[in-house]
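Shown below: coords08.cif, with mmCIF, C-alpha atoms.
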data_input
loop_
_atom_site.label_atom_id
_atom_site.label_comp_id
_atom_site.auth_asym_id
_atom_site.auth_seq_id
_atom_site.Cartn_x
_atom_site.Cartn_y
_atom_site.Cartn_z
CA MET A 1301 -7.09 -12.13 -0.24
CA LYS A 1302 -6.01 -12.33 -3.85
CA LYS A 1303 -4.72 -9.27 -5.67
CA LEU A 1304 -4.55 -9.21 -9.44
CA TYR A 1305 -2.56 -6.54 -11.27
CA LEU A 1306 -3.70 -6.23 -14.87
CA ILE A 1307 -0.94 -4.59 -16.89
CA ARG A 1308 -1.19 -3.65 -20.56
CA HIS A 1309 2.04 -3.82 -22.54
CA ALA A 1310 4.01 -0.61 -23.05
CA LYS A 1311 3.89 1.40 -26.29
CA SER A 1312 5.21 -0.63 -29.21
CA SER A 1313 6.93 0.33 -32.41
CA TRP A 1314 5.26 0.37 -35.82
CA ASP A 1315 8.46 1.54 -37.55
CA ASN A 1316 9.11 -1.68 -39.44
CA PRO A 1317 6.04 -2.87 -41.39
CA GLU A 1318 7.80 -6.17 -42.12
CA ILE A 1319 7.70 -7.23 -38.46
CA ASP A 1320 4.54 -9.19 -37.69
CA ASP A 1321 2.28 -8.10 -34.82
CA PHE A 1322 3.54 -10.76 -32.40
CA ASN A 1323 7.16 -9.64 -32.76
CA ARG A 1324 6.71 -5.87 -32.54
CA PRO A 1325 9.23 -4.40 -30.04
CA LEU A 1326 8.74 -1.53 -27.62
CA ASN A 1327 9.34 1.96 -28.93
CA SER A 1328 11.35 4.59 -27.02
CA ARG A 1329 8.29 5.80 -25.10
CA GLY A 1330 7.48 2.23 -24.09
CA GLU A 1331 11.05 1.72 -22.92
CA LYS A 1332 10.66 4.79 -20.64
CA ASP A 1333 7.13 4.06 -19.43
CA ALA A 1334 7.72 0.44 -18.36
CA PRO A 1335 10.37 1.19 -15.69
CA LYS A 1336 8.39 4.27 -14.62
CA MET A 1337 5.34 2.12 -13.88
CA GLY A 1338 7.54 -0.50 -12.24
CA ARG A 1339 8.83 2.18 -9.87
CA ARG A 1340 5.26 3.20 -9.05
CA LEU A 1341 4.49 -0.41 -8.12
CA LYS A 1342 7.68 -0.60 -6.07
CA GLU A 1343 6.61 2.54 -4.16
CA LYS A 1344 3.50 0.57 -3.17
CA ARG A 1345 5.83 -2.12 -1.74
CA LEU A 1346 4.52 -4.73 -4.15
CA THR A 1347 6.10 -8.16 -3.96
CA PRO A 1348 4.78 -10.33 -6.79
CA ASP A 1349 4.12 -14.00 -6.07
CA ILE A 1350 3.22 -15.02 -9.63
CA VAL A 1351 3.86 -13.21 -12.92
CA VAL A 1352 2.09 -14.29 -16.12
CA SER A 1353 2.61 -12.69 -19.51
CA SER A 1354 1.56 -12.93 -23.09
CA PRO A 1355 4.62 -14.15 -25.00
CA ALA A 1356 4.28 -11.35 -27.59
CA VAL A 1357 7.54 -9.38 -27.63
CA ARG A 1358 6.02 -6.06 -26.49
CA ALA A 1359 4.18 -7.70 -23.57
CA LEU A 1360 7.05 -9.90 -22.45
CA ASP A 1361 9.56 -7.04 -22.67
CA THR A 1362 7.25 -4.83 -20.57
CA CYS A 1363 6.92 -7.68 -18.09
CA LYS A 1364 10.69 -8.22 -17.84
CA ILE A 1365 11.39 -4.51 -17.32
CA ILE A 1366 8.82 -4.22 -14.53
CA CYS A 1367 9.99 -7.47 -12.93
CA GLU A 1368 13.55 -6.15 -12.89
CA VAL A 1369 12.42 -2.98 -11.07
CA LEU A 1370 10.50 -5.15 -8.57
CA SER A 1371 13.44 -7.57 -8.13
CA PHE A 1372 11.30 -10.49 -9.31
CA ASN A 1373 13.32 -13.36 -10.77
CA LYS A 1374 12.67 -13.16 -14.53
CA THR A 1375 13.20 -16.92 -14.92
CA LYS A 1376 9.95 -17.39 -12.94
CA ILE A 1377 7.82 -15.48 -15.45
CA ILE A 1378 5.10 -17.74 -16.83
CA GLU A 1379 4.51 -17.19 -20.53
CA ASN A 1380 0.95 -18.07 -21.54
CA LYS A 1381 0.22 -17.92 -25.25
CA SER A 1382 -3.52 -17.80 -24.49
CA LEU A 1383 -3.02 -14.19 -23.35
CA TYR A 1384 -1.97 -12.99 -26.82
CA HIS A 1385 -4.96 -10.91 -27.95
CA ALA A 1386 -7.17 -12.84 -25.52
CA SER A 1387 -10.85 -12.13 -25.03
CA GLU A 1388 -12.11 -11.42 -21.52
CA GLU A 1389 -13.39 -15.02 -21.34
CA GLU A 1390 -9.94 -16.39 -22.19
CA ILE A 1391 -8.28 -14.16 -19.58
CA LEU A 1392 -10.76 -15.45 -17.00
CA ARG A 1393 -9.76 -19.03 -17.92
CA VAL A 1394 -6.09 -18.12 -17.44
CA VAL A 1395 -6.79 -16.56 -14.03
CA ARG A 1396 -8.83 -19.58 -12.94
CA SER A 1397 -5.93 -21.86 -13.94
CA LEU A 1398 -3.42 -20.13 -11.65
CA ARG A 1399 -1.99 -22.36 -8.96
CA ASP A 1400 -2.72 -21.33 -5.41
CA ARG A 1401 0.27 -21.06 -3.11
CA THR A 1402 -0.12 -23.54 -0.25
CA GLY A 1403 -0.70 -21.81 3.06
CA ASP A 1404 -0.62 -18.36 1.48
CA GLU A 1405 -3.97 -16.63 1.43
CA GLU A 1406 -2.50 -13.32 0.29
CA GLU A 1407 -1.20 -13.53 -3.23
CA ASN A 1408 -0.11 -10.88 -5.69
CA VAL A 1409 -0.37 -11.84 -9.35
CA LEU A 1410 0.84 -9.65 -12.20
CA LEU A 1411 -0.82 -10.41 -15.54
CA PHE A 1412 0.53 -8.75 -18.72
CA GLY A 1413 -1.67 -8.62 -21.79
CA HIS A 1414 -3.33 -6.70 -24.59
CA ASN A 1415 -6.38 -4.64 -25.37
CA PRO A 1416 -9.26 -4.78 -25.99
CA GLY A 1417 -9.48 -8.01 -23.94
CA LEU A 1418 -7.69 -6.63 -20.90
CA THR A 1419 -10.01 -3.63 -20.54
CA ASP A 1420 -13.08 -5.79 -21.19
CA PHE A 1421 -11.86 -8.28 -18.57
CA ALA A 1422 -11.25 -5.55 -15.96
CA ASN A 1423 -14.72 -4.11 -16.52
CA ARG A 1424 -16.48 -7.45 -16.09
CA LEU A 1425 -14.32 -8.63 -13.19
CA LEU A 1426 -14.75 -5.39 -11.28
CA GLU A 1427 -18.09 -4.17 -12.59
CA GLU A 1428 -16.34 -0.93 -13.56
CA LYS A 1429 -16.56 1.34 -16.57
CA ILE A 1430 -12.95 1.83 -17.63
CA LEU A 1431 -13.00 3.14 -21.20
CA ASN A 1432 -9.46 2.03 -21.97
CA ILE A 1433 -6.44 0.72 -20.12
CA PRO A 1434 -3.73 2.71 -21.92
CA THR A 1435 -0.32 1.29 -22.76
CA THR A 1436 1.58 0.42 -19.57
CA GLY A 1437 -1.63 1.05 -17.64
CA ILE A 1438 -2.20 -0.93 -14.44
CA VAL A 1439 -5.47 -1.91 -12.82
CA CYS A 1440 -5.10 -3.41 -9.34
CA ALA A 1441 -7.99 -5.61 -8.24
CA GLU A 1442 -8.68 -7.22 -4.90
CA LEU A 1443 -10.66 -10.41 -5.44
CA ALA A 1444 -13.10 -11.77 -2.88
CA ILE A 1445 -12.04 -15.39 -3.46
CA ARG A 1446 -9.99 -17.98 -1.61
CA LYS A 1447 -8.84 -19.89 -4.69
CA TRP A 1448 -8.01 -18.64 -8.17
CA GLU A 1449 -10.38 -21.20 -9.67
CA ASP A 1450 -13.24 -19.32 -7.98
CA ALA A 1451 -12.60 -16.11 -9.95
CA ASP A 1452 -15.75 -14.88 -11.66
CA TRP A 1453 -17.36 -11.75 -13.01
CA GLY A 1454 -18.00 -9.17 -10.33
CA CYS A 1455 -15.77 -10.83 -7.71
CA GLY A 1456 -13.30 -7.97 -7.49
CA LYS A 1457 -13.03 -4.39 -6.45
CA MET A 1458 -10.61 -1.91 -7.95
CA LEU A 1459 -7.92 -0.70 -5.58
CA PHE A 1460 -6.28 1.62 -8.10
CA PHE A 1461 -5.95 2.43 -11.79
CA ASP A 1462 -2.69 4.05 -12.87
CA PHE A 1463 -0.99 4.83 -16.17
CA PRO A 1464 2.09 6.77 -17.30
CA LYS A 1465 0.32 10.09 -18.02
CA ASN A 1466 -1.56 9.99 -14.70
CA LYS A 1467 -0.43 12.90 -12.56
CA ILE A 1468 0.35 11.63 -9.08
CA ASP A 1469 0.39 14.15 -6.23
#
Show how you would write the structure in this file as structure tokens.
Amino acid sequence: MKKLYLIRHAKSSWDNPEIDDFNRPLNSRGEKDAPKMGRRLKEKRLTPDIVVSSPAVRALDTCKIICEVLSFNKTKIIENKSLYHASEEEILRVVRSLRDRTGDEEENVLLFGHNPGLTDFANRLLEEKILNIPTTGIVCAELAIRKWEDADWGCGKMLFFDFPKNKID
């Protein structure tokens, strides 16, 4: 079974209007929320097999912080420029292009991206009605496919939806 973790980048800074959108860094809240959400994933005993991120600074920094918490080798992060402000169709193409691990039917993929495409993608993939994946929000989907290339709309079911302001019992 394939599991896809859709993770929106943490809160970014708008303090310097001279920095273009691609290069915006995380703000202090984002720097606190990213490790917090990484710890929540670690509590679920998540071991990522593949990690793919938009190369935008705020997305890649969020990715690196969470990977550090999960003890995932940051040199294995795959940067995919197609994820920068991608539409749901483009995200589907990225997911379909993932390489299957030989002999491993259970795979955990973390995908870091941006709204509105990430929320739109989650809704179509899972046939859900998520209004918004907030910053550092995570949607975990179990996909009823054997190969990533078979990913399609409606092939997944949501296992959980978590975000920094979510109160966990």
CA of Glu1449 (chain A) to CA of Lys1381 (chain A), distance in Å rounded to a single decimal: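 These two atoms are separated by 19.1 Å.
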Return as a tab-separated table the residues of region 1315-1411 of chain A lying at most 9 Å from region 1433-1441 of chain A, together with the closest atom-to-atom pair for each and the distance in Å to one decimal, counting all atoms listed in the file, with rows in chain order and ascending residue number.
residue	atom	partner	partner_atom	distance
A:Gly1330	CA	A:Thr1436	CA	7.6
A:Asp1333	CA	A:Thr1436	CA	6.6
A:Ala1334	CA	A:Thr1436	CA	6.3
A:Met1337	CA	A:Thr1436	CA	7.0
A:Thr1362	CA	A:Thr1436	CA	7.8
Could you work out how far CA of Ile1468 (chain A) lies from CA of Ser1312 (chain A), giving the answer in Å with one decimal?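 Taking CA of Ser1312 (chain A) as the start and CA of Ile1468 (chain A) as the end point, the length is 24.1 Å.
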Check which residues satisfy the PyMOL selection byres ((chain A and resi 1364) around 10) in the file shown, then give them as a VMD selection string. chain A and resid 1334 to 1335 1351 1353 1359 to 1363 1365 to 1370 1372 to 1375 1377
One number please: CA of Arg1446 (chain A) to CA of Glu1407 (chain A), in Å, one decimal.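 Taking CA of Arg1446 (chain A) as the start and CA of Glu1407 (chain A) as the end point, the length is 10.0 Å.
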